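Engineer: Next comes query_8.pdb, PDB, N, CA and C atoms:
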```
MODEL        1
ATOM      1  N   MET A 267      85.790 103.479  99.832  1.00  0.00           N
ATOM      2  CA  MET A 267      86.360 104.336  98.807  1.00  0.00           C
ATOM      3  C   MET A 267      87.441 103.565  98.052  1.00  0.00           C
ATOM      4  N   ASN A 268      87.347 103.548  96.747  1.00  0.00           N
ATOM      5  CA  ASN A 268      88.321 102.834  95.927  1.00  0.00           C
ATOM      6  C   ASN A 268      89.578 103.675  95.750  1.00  0.00           C
ATOM      7  N   ALA A 269      90.732 102.998  95.715  1.00  0.00           N
ATOM      8  CA  ALA A 269      92.004 103.684  95.495  1.00  0.00           C
ATOM      9  C   ALA A 269      92.047 104.236  94.076  1.00  0.00           C
ATOM     10  N   ARG A 270      92.631 105.419  93.946  1.00  0.00           N
ATOM     11  CA  ARG A 270      92.768 106.098  92.659  1.00  0.00           C
ATOM     12  C   ARG A 270      94.203 105.925  92.175  1.00  0.00           C
ATOM     13  N   CYS A 271      94.382 105.452  90.944  1.00  0.00           N
ATOM     14  CA  CYS A 271      95.708 105.090  90.441  1.00  0.00           C
ATOM     15  C   CYS A 271      96.055 105.850  89.165  1.00  0.00           C
ATOM     16  N   LEU A 272      97.317 106.261  89.084  1.00  0.00           N
ATOM     17  CA  LEU A 272      97.903 106.823  87.872  1.00  0.00           C
ATOM     18  C   LEU A 272      98.901 105.794  87.352  1.00  0.00           C
ATOM     19  N   ILE A 273      98.847 105.482  86.064  1.00  0.00           N
ATOM     20  CA  ILE A 273      99.770 104.514  85.459  1.00  0.00           C
ATOM     21  C   ILE A 273     100.756 105.273  84.584  1.00  0.00           C
ATOM     22  N   VAL A 274     102.050 104.966  84.756  1.00  0.00           N
ATOM     23  CA  VAL A 274     103.097 105.608  83.957  1.00  0.00           C
ATOM     24  C   VAL A 274     103.857 104.506  83.212  1.00  0.00           C
ATOM     25  N   ASP A 275     103.674 104.447  81.906  1.00  0.00           N
ATOM     26  CA  ASP A 275     104.325 103.434  81.077  1.00  0.00           C
ATOM     27  C   ASP A 275     104.329 103.919  79.642  1.00  0.00           C
ATOM     28  N   ASP A 276     105.345 103.560  78.885  1.00  0.00           N
ATOM     29  CA  ASP A 276     105.441 104.005  77.496  1.00  0.00           C
ATOM     30  C   ASP A 276     104.862 103.002  76.509  1.00  0.00           C
ATOM     31  N   SER A 277     104.297 101.918  76.982  1.00  0.00           N
ATOM     32  CA  SER A 277     103.691 100.909  76.117  1.00  0.00           C
ATOM     33  C   SER A 277     102.170 101.001  76.194  1.00  0.00           C
ATOM     34  N   TRP A 278     101.528 101.320  75.083  1.00  0.00           N
ATOM     35  CA  TRP A 278     100.068 101.431  75.095  1.00  0.00           C
ATOM     36  C   TRP A 278      99.420 100.094  75.402  1.00  0.00           C
ATOM     37  N   ARG A 279     100.086  99.002  75.011  1.00  0.00           N
ATOM     38  CA  ARG A 279      99.534  97.667  75.313  1.00  0.00           C
ATOM     39  C   ARG A 279      99.530  97.408  76.810  1.00  0.00           C
ATOM     40  N   PHE A 280     100.646  97.760  77.478  1.00  0.00           N
ATOM     41  CA  PHE A 280     100.690  97.563  78.925  1.00  0.00           C
ATOM     42  C   PHE A 280      99.682  98.475  79.615  1.00  0.00           C
ATOM     43  N   LEU A 281      99.597  99.725  79.161  1.00  0.00           N
ATOM     44  CA  LEU A 281      98.633 100.657  79.763  1.00  0.00           C
ATOM     45  C   LEU A 281      97.222 100.086  79.719  1.00  0.00           C
ATOM     46  N   ALA A 282      96.835  99.551  78.562  1.00  0.00           N
ATOM     47  CA  ALA A 282      95.487  98.986  78.415  1.00  0.00           C
ATOM     48  C   ALA A 282      95.303  97.760  79.308  1.00  0.00           C
ATOM     49  N   ALA A 283      96.305  96.885  79.337  1.00  0.00           N
ATOM     50  CA  ALA A 283      96.205  95.677  80.156  1.00  0.00           C
ATOM     51  C   ALA A 283      96.169  96.013  81.649  1.00  0.00           C
ATOM     52  N   ALA A 284      97.037  96.925  82.076  1.00  0.00           N
ATOM     53  CA  ALA A 284      97.081  97.310  83.490  1.00  0.00           C
ATOM     54  C   ALA A 284      95.784  97.992  83.905  1.00  0.00           C
ATOM     55  N   ARG A 285      95.290  98.885  83.055  1.00  0.00           N
ATOM     56  CA  ARG A 285      94.021  99.567  83.356  1.00  0.00           C
ATOM     57  C   ARG A 285      92.905  98.543  83.558  1.00  0.00           C
ATOM     58  N   GLY A 286      92.798  97.601  82.639  1.00  0.00           N
ATOM     59  CA  GLY A 286      91.750  96.581  82.734  1.00  0.00           C
ATOM     60  C   GLY A 286      91.871  95.754  84.004  1.00  0.00           C
ATOM     61  N   LEU A 287      93.071  95.311  84.306  1.00  0.00           N
ATOM     62  CA  LEU A 287      93.292  94.494  85.503  1.00  0.00           C
ATOM     63  C   LEU A 287      92.975  95.273  86.770  1.00  0.00           C
ATOM     64  N   LEU A 288      93.491  96.486  86.865  1.00  0.00           N
ATOM     65  CA  LEU A 288      93.260  97.301  88.061  1.00  0.00           C
ATOM     66  C   LEU A 288      91.783  97.638  88.239  1.00  0.00           C
ATOM     67  N   GLU A 289      91.113  97.978  87.159  1.00  0.00           N
ATOM     68  CA  GLU A 289      89.688  98.309  87.256  1.00  0.00           C
ATOM     69  C   GLU A 289      88.858  97.096  87.643  1.00  0.00           C
ATOM     70  N   ARG A 290      89.227  95.911  87.151  1.00  0.00           N
ATOM     71  CA  ARG A 290      88.511  94.691  87.555  1.00  0.00           C
ATOM     72  C   ARG A 290      88.710  94.396  89.041  1.00  0.00           C
ATOM     73  N   GLN A 291      89.806  94.870  89.603  1.00  0.00           N
ATOM     74  CA  GLN A 291      90.084  94.663  91.022  1.00  0.00           C
ATOM     75  C   GLN A 291      89.514  95.786  91.893  1.00  0.00           C
ATOM     76  N   GLY A 292      88.808  96.724  91.289  1.00  0.00           N
ATOM     77  CA  GLY A 292      88.138  97.766  92.043  1.00  0.00           C
ATOM     78  C   GLY A 292      88.864  99.098  92.142  1.00  0.00           C
ATOM     79  N   MET A 293      90.033  99.211  91.518  1.00  0.00           N
ATOM     80  CA  MET A 293      90.735 100.494  91.535  1.00  0.00           C
ATOM     81  C   MET A 293      90.144 101.421  90.473  1.00  0.00           C
ATOM     82  N   VAL A 294      90.305 102.708  90.687  1.00  0.00           N
ATOM     83  CA  VAL A 294      89.885 103.704  89.715  1.00  0.00           C
ATOM     84  C   VAL A 294      91.147 104.262  89.067  1.00  0.00           C
ATOM     85  N   VAL A 295      91.323 104.019  87.775  1.00  0.00           N
ATOM     86  CA  VAL A 295      92.476 104.547  87.059  1.00  0.00           C
ATOM     87  C   VAL A 295      92.108 105.959  86.605  1.00  0.00           C
ATOM     88  N   VAL A 296      92.770 106.941  87.207  1.00  0.00           N
ATOM     89  CA  VAL A 296      92.428 108.338  86.941  1.00  0.00           C
ATOM     90  C   VAL A 296      93.177 108.919  85.754  1.00  0.00           C
ATOM     91  N   GLY A 297      94.236 108.235  85.303  1.00  0.00           N
ATOM     92  CA  GLY A 297      94.978 108.735  84.155  1.00  0.00           C
ATOM     93  C   GLY A 297      96.176 107.877  83.846  1.00  0.00           C
ATOM     94  N   ASP A 298      96.807 108.173  82.708  1.00  0.00           N
ATOM     95  CA  ASP A 298      98.039 107.484  82.346  1.00  0.00           C
ATOM     96  C   ASP A 298      98.981 108.459  81.667  1.00  0.00           C
ATOM     97  N   ALA A 299     100.261 108.178  81.805  1.00  0.00           N
ATOM     98  CA  ALA A 299     101.313 109.030  81.254  1.00  0.00           C
ATOM     99  C   ALA A 299     102.396 108.147  80.667  1.00  0.00           C
ATOM    100  N   SER A 300     103.158 108.716  79.734  1.00  0.00           N
ATOM    101  CA  SER A 300     104.250 107.943  79.136  1.00  0.00           C
ATOM    102  C   SER A 300     105.602 108.629  79.300  1.00  0.00           C
ATOM    103  N   THR A 301     105.641 109.803  79.952  1.00  0.00           N
ATOM    104  CA  THR A 301     106.898 110.507  80.201  1.00  0.00           C
ATOM    105  C   THR A 301     106.908 111.058  81.623  1.00  0.00           C
ATOM    106  N   LYS A 302     108.093 111.426  82.073  1.00  0.00           N
ATOM    107  CA  LYS A 302     108.242 112.025  83.399  1.00  0.00           C
ATOM    108  C   LYS A 302     107.436 113.315  83.494  1.00  0.00           C
ATOM    109  N   ALA A 303     107.528 114.168  82.484  1.00  0.00           N
ATOM    110  CA  ALA A 303     106.808 115.444  82.503  1.00  0.00           C
ATOM    111  C   ALA A 303     105.300 115.226  82.590  1.00  0.00           C
ATOM    112  N   GLN A 304     104.792 114.292  81.801  1.00  0.00           N
ATOM    113  CA  GLN A 304     103.358 113.991  81.854  1.00  0.00           C
ATOM    114  C   GLN A 304     102.971 113.459  83.225  1.00  0.00           C
ATOM    115  N   ALA A 305     103.796 112.553  83.758  1.00  0.00           N
ATOM    116  CA  ALA A 305     103.500 111.946  85.063  1.00  0.00           C
ATOM    117  C   ALA A 305     103.451 113.000  86.161  1.00  0.00           C
ATOM    118  N   LEU A 306     104.426 113.902  86.184  1.00  0.00           N
ATOM    119  CA  LEU A 306     104.450 114.949  87.208  1.00  0.00           C
ATOM    120  C   LEU A 306     103.245 115.875  87.076  1.00  0.00           C
ATOM    121  N   GLY A 307     102.906 116.249  85.854  1.00  0.00           N
ATOM    122  CA  GLY A 307     101.756 117.122  85.638  1.00  0.00           C
ATOM    123  C   GLY A 307     100.442 116.474  86.054  1.00  0.00           C
ATOM    124  N   LEU A 308     100.262 115.220  85.653  1.00  0.00           N
ATOM    125  CA  LEU A 308      99.024 114.526  86.009  1.00  0.00           C
ATOM    126  C   LEU A 308      98.946 114.235  87.504  1.00  0.00           C
ATOM    127  N   ALA A 309     100.073 113.886  88.109  1.00  0.00           N
ATOM    128  CA  ALA A 309     100.066 113.612  89.547  1.00  0.00           C
ATOM    129  C   ALA A 309      99.668 114.854  90.329  1.00  0.00           C
ATOM    130  N   GLU A 310     100.162 115.994  89.907  1.00  0.00           N
ATOM    131  CA  GLU A 310      99.818 117.239  90.592  1.00  0.00           C
ATOM    132  C   GLU A 310      98.337 117.569  90.403  1.00  0.00           C
ATOM    133  N   LYS A 311      97.853 117.363  89.186  1.00  0.00           N
ATOM    134  CA  LYS A 311      96.463 117.696  88.870  1.00  0.00           C
ATOM    135  C   LYS A 311      95.475 116.695  89.473  1.00  0.00           C
ATOM    136  N   LEU A 312      95.783 115.400  89.360  1.00  0.00           N
ATOM    137  CA  LEU A 312      94.820 114.354  89.719  1.00  0.00           C
ATOM    138  C   LEU A 312      94.954 113.834  91.149  1.00  0.00           C
ATOM    139  N   ARG A 313      96.135 114.013  91.754  1.00  0.00           N
ATOM    140  CA  ARG A 313      96.397 113.576  93.140  1.00  0.00           C
ATOM    141  C   ARG A 313      96.006 112.113  93.389  1.00  0.00           C
ATOM    142  N   PRO A 314      96.600 111.164  92.625  1.00  0.00           N
ATOM    143  CA  PRO A 314      96.240 109.754  92.809  1.00  0.00           C
ATOM    144  C   PRO A 314      96.720 109.225  94.158  1.00  0.00           C
ATOM    145  N   ASP A 315      96.058 108.185  94.637  1.00  0.00           N
ATOM    146  CA  ASP A 315      96.487 107.516  95.866  1.00  0.00           C
ATOM    147  C   ASP A 315      97.713 106.641  95.613  1.00  0.00           C
ATOM    148  N   VAL A 316      97.773 106.065  94.415  1.00  0.00           N
ATOM    149  CA  VAL A 316      98.824 105.121  94.030  1.00  0.00           C
ATOM    150  C   VAL A 316      99.281 105.446  92.619  1.00  0.00           C
ATOM    151  N   THR A 317     100.578 105.314  92.358  1.00  0.00           N
ATOM    152  CA  THR A 317     101.095 105.472  91.002  1.00  0.00           C
ATOM    153  C   THR A 317     101.900 104.237  90.635  1.00  0.00           C
ATOM    154  N   LEU A 318     101.547 103.620  89.525  1.00  0.00           N
ATOM    155  CA  LEU A 318     102.241 102.449  88.994  1.00  0.00           C
ATOM    156  C   LEU A 318     103.197 102.945  87.922  1.00  0.00           C
ATOM    157  N   VAL A 319     104.517 102.745  88.129  1.00  0.00           N
ATOM    158  CA  VAL A 319     105.526 103.297  87.223  1.00  0.00           C
ATOM    159  C   VAL A 319     106.394 102.181  86.644  1.00  0.00           C
ATOM    160  N   ASP A 320     106.537 102.175  85.324  1.00  0.00           N
ATOM    161  CA  ASP A 320     107.436 101.260  84.624  1.00  0.00           C
ATOM    162  C   ASP A 320     108.875 101.708  84.891  1.00  0.00           C
ATOM    163  N   ILE A 321     109.753 100.805  85.300  1.00  0.00           N
ATOM    164  CA  ILE A 321     111.131 101.220  85.592  1.00  0.00           C
ATOM    165  C   ILE A 321     111.952 101.419  84.324  1.00  0.00           C
ATOM    166  N   TYR A 322     111.525 100.842  83.200  1.00  0.00           N
ATOM    167  CA  TYR A 322     112.187 101.051  81.911  1.00  0.00           C
ATOM    168  C   TYR A 322     111.265 101.904  81.054  1.00  0.00           C
ATOM    169  N   LEU A 323     111.295 103.184  81.246  1.00  0.00           N
ATOM    170  CA  LEU A 323     110.352 104.105  80.628  1.00  0.00           C
ATOM    171  C   LEU A 323     110.976 104.771  79.409  1.00  0.00           C
ATOM    172  N   GLY A 324     111.070 104.029  78.319  1.00  0.00           N
ATOM    173  CA  GLY A 324     111.658 104.580  77.095  1.00  0.00           C
ATOM    174  C   GLY A 324     113.061 105.093  77.348  1.00  0.00           C
ATOM    175  N   GLY A 325     113.300 106.356  77.065  1.00  0.00           N
ATOM    176  CA  GLY A 325     114.605 106.963  77.278  1.00  0.00           C
ATOM    177  C   GLY A 325     114.802 107.519  78.670  1.00  0.00           C
ATOM    178  N   GLU A 326     113.814 107.356  79.534  1.00  0.00           N
ATOM    179  CA  GLU A 326     113.894 107.874  80.897  1.00  0.00           C
ATOM    180  C   GLU A 326     113.923 106.721  81.895  1.00  0.00           C
ATOM    181  N   SER A 327     114.471 106.985  83.049  1.00  0.00           N
ATOM    182  CA  SER A 327     114.480 105.997  84.118  1.00  0.00           C
ATOM    183  C   SER A 327     113.187 106.096  84.911  1.00  0.00           C
ATOM    184  N   GLY A 328     112.447 105.004  84.960  1.00  0.00           N
ATOM    185  CA  GLY A 328     111.233 104.973  85.765  1.00  0.00           C
ATOM    186  C   GLY A 328     111.532 105.169  87.238  1.00  0.00           C
ATOM    187  N   LEU A 329     112.721 104.724  87.664  1.00  0.00           N
ATOM    188  CA  LEU A 329     113.099 104.937  89.059  1.00  0.00           C
ATOM    189  C   LEU A 329     113.254 106.420  89.354  1.00  0.00           C
ATOM    190  N   GLU A 330     113.815 107.177  88.408  1.00  0.00           N
ATOM    191  CA  GLU A 330     113.933 108.617  88.576  1.00  0.00           C
ATOM    192  C   GLU A 330     112.552 109.281  88.561  1.00  0.00           C
ATOM    193  N   VAL A 331     111.672 108.780  87.727  1.00  0.00           N
ATOM    194  CA  VAL A 331     110.304 109.296  87.692  1.00  0.00           C
ATOM    195  C   VAL A 331     109.629 109.070  89.048  1.00  0.00           C
ATOM    196  N   ALA A 332     109.765 107.864  89.578  1.00  0.00           N
ATOM    197  CA  ALA A 332     109.175 107.558  90.892  1.00  0.00           C
ATOM    198  C   ALA A 332     109.763 108.456  91.975  1.00  0.00           C
ATOM    199  N   ARG A 333     111.066 108.664  91.918  1.00  0.00           N
ATOM    200  CA  ARG A 333     111.734 109.546  92.889  1.00  0.00           C
ATOM    201  C   ARG A 333     111.188 110.973  92.788  1.00  0.00           C
ATOM    202  N   ALA A 334     111.053 111.470  91.564  1.00  0.00           N
ATOM    203  CA  ALA A 334     110.540 112.824  91.352  1.00  0.00           C
ATOM    204  C   ALA A 334     109.094 112.936  91.826  1.00  0.00           C
ATOM    205  N   LEU A 335     108.300 111.905  91.573  1.00  0.00           N
ATOM    206  CA  LEU A 335     106.916 111.917  92.029  1.00  0.00           C
ATOM    207  C   LEU A 335     106.833 111.938  93.550  1.00  0.00           C
ATOM    208  N   SER A 336     107.687 111.170  94.195  1.00  0.00           N
ATOM    209  CA  SER A 336     107.619 111.096  95.660  1.00  0.00           C
ATOM    210  C   SER A 336     108.092 112.385  96.316  1.00  0.00           C
ATOM    211  N   THR A 337     109.025 113.093  95.707  1.00  0.00           N
ATOM    212  CA  THR A 337     109.491 114.351  96.302  1.00  0.00           C
ATOM    213  C   THR A 337     108.576 115.517  95.952  1.00  0.00           C
ATOM    214  N   ALA A 338     107.872 115.429  94.813  1.00  0.00           N
ATOM    215  CA  ALA A 338     106.988 116.517  94.391  1.00  0.00           C
ATOM    216  C   ALA A 338     105.641 116.473  95.096  1.00  0.00           C
ATOM    217  N   ALA A 339     105.242 115.285  95.534  1.00  0.00           N
ATOM    218  CA  ALA A 339     103.901 115.113  96.095  1.00  0.00           C
ATOM    219  C   ALA A 339     103.857 115.379  97.585  1.00  0.00           C
ATOM    220  N   THR A 340     102.722 115.829  98.020  1.00  0.00           N
ATOM    221  CA  THR A 340     102.424 115.887  99.444  1.00  0.00           C
ATOM    222  C   THR A 340     101.321 114.863  99.652  1.00  0.00           C
ATOM    223  N   PRO A 341     101.697 113.625  99.952  1.00  0.00           N
ATOM    224  CA  PRO A 341     100.704 112.558  99.990  1.00  0.00           C
ATOM    225  C   PRO A 341      99.665 112.739 101.095  1.00  0.00           C
ATOM    226  N   VAL A 342      98.450 112.362 100.774  1.00  0.00           N
ATOM    227  CA  VAL A 342      97.392 112.366 101.773  1.00  0.00           C
ATOM    228  C   VAL A 342      97.673 111.261 102.775  1.00  0.00           C
ATOM    229  N   ARG A 343      98.118 110.135 102.275  1.00  0.00           N
ATOM    230  CA  ARG A 343      98.542 109.041 103.144  1.00  0.00           C
ATOM    231  C   ARG A 343      99.681 108.318 102.443  1.00  0.00           C
ATOM    232  N   ARG A 344     100.588 107.778 103.194  1.00  0.00           N
ATOM    233  CA  ARG A 344     101.737 107.084 102.645  1.00  0.00           C
ATOM    234  C   ARG A 344     101.505 105.578 102.801  1.00  0.00           C
ATOM    235  N   MET A 345     101.632 104.849 101.690  1.00  0.00           N
ATOM    236  CA  MET A 345     101.463 103.401 101.739  1.00  0.00           C
ATOM    237  C   MET A 345     102.854 102.773 101.751  1.00  0.00           C
ATOM    238  N   THR A 346     103.071 101.856 102.671  1.00  0.00           N
ATOM    239  CA  THR A 346     104.371 101.205 102.765  1.00  0.00           C
ATOM    240  C   THR A 346     104.185  99.699 102.739  1.00  0.00           C
ATOM    241  N   SER A 347     105.251  99.019 102.402  1.00  0.00           N
ATOM    242  CA  SER A 347     105.249  97.566 102.382  1.00  0.00           C
ATOM    243  C   SER A 347     106.120  97.064 103.518  1.00  0.00           C
ATOM    244  N   ALA A 348     105.686  96.034 104.173  1.00  0.00           N
ATOM    245  CA  ALA A 348     106.447  95.462 105.283  1.00  0.00           C
ATOM    246  C   ALA A 348     107.243  94.252 104.820  1.00  0.00           C
ATOM    247  N   ALA A 349     107.696  94.277 103.582  1.00  0.00           N
ATOM    248  CA  ALA A 349     108.419  93.131 103.003  1.00  0.00           C
ATOM    249  C   ALA A 349     109.833  93.052 103.500  1.00  0.00           C
TER     250      ALA A 349
ENDMDL
END
```
Any chance you could put this one into structure tokens?
Structural biologist:
Amino acid sequence: MNARCLIVDDSWRFLAAARGLLERQGMVVVGDASTKAQALGLAEKLRPDVTLVDIYLGGESGLEVARALSTAATPVRRMTSAA
């Protein structure tokens, strides 16, 4: 089963490039958003396995968006890094 990804970025160029790269690597990009509100709505509706978030999201903090996504979601599985 391929991982399902939501991309959150305010640059259409980055969205297109990230989508292409992720899809070539076997991920399924289920949607993209450019604001916190869009990201929260799509995450709830689409339930992605992974969300790629730009930390400089226009007038919003991508870190705050990531925080809101992590508290709003009930993840099916939690992915962690051992870095």
Engineer: Could you state which residues are captured by the PyMOL selection byres ((chain A and resi 271) around 7) in this file, as a PyMOL selection string?
Structural biologist: chain A and resi 269-270+272-273+293-298+314-318
Engineer: Applying the PyMOL selection byres (((chain A and resi 300 and name CA) around 10) and name CA) to the file I just gave you, which residues come out? Please list them as a list in words.
Structural biologist: Ile273, Val274, Asp275, Asp276, Ser277, Trp278, Leu281, Asp298, Ala299, Thr301, Lys302, Ala303, Gln304, Ala305, Val319, Asp320, Leu323, Gly324 and Glu326 of chain A
Engineer: If you run DSSP on this backbone, which residues of chain A come out as strand (DSSP E or B), and could you give them as a list in words?
Structural biologist: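 In chain A, DSSP puts these residues in strand (DSSP E or B): Arg270, Cys271, Leu272, Ile273, Val274, Val294, Val295, Val296, Gly297, Asp298, Ala299, Val316, Thr317, Leu318, Val319, Tyr322, Leu323, Glu326 and Ser327 of chain A.
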Engineer: Out of chain A, which residues get helix (DSSP H, G or I) from DSSP, as a ChimeraX atom specification?
Structural biologist: /A:278-290,302-312,328-338
Engineer: Just give me the gap between CA of Tyr322 in chain A and CA of Glu310 in chain A in Å, one decimal is fine.
Structural biologist: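 So the two atoms, CA of Tyr322 in chain A and CA of Glu310 in chain A, lie 22.1 Å apart.
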Engineer: Can you work out which one of A:Asn268, A:Leu306, A:Arg290, A:Ala282 has the shortest atom-to-atom distance to Ala338 in chain A, counting all atoms listed in the file?
Structural biologist: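 Of the candidates, the smallest distance to Ala338 in chain A is held by A:Leu306.
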Engineer: Which distance in Å separates atom C of Leu329 in chain A and atom C of Ala309 in chain A, to one decimal?
Structural biologist: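 Those two atoms sit 16.0 Å apart.
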Engineer: For the atom pair CA of Glu289 in chain A and CA of Leu312 in chain A, what is the interatomic distance in Å to one decimal place?
Structural biologist: 17.0 Å
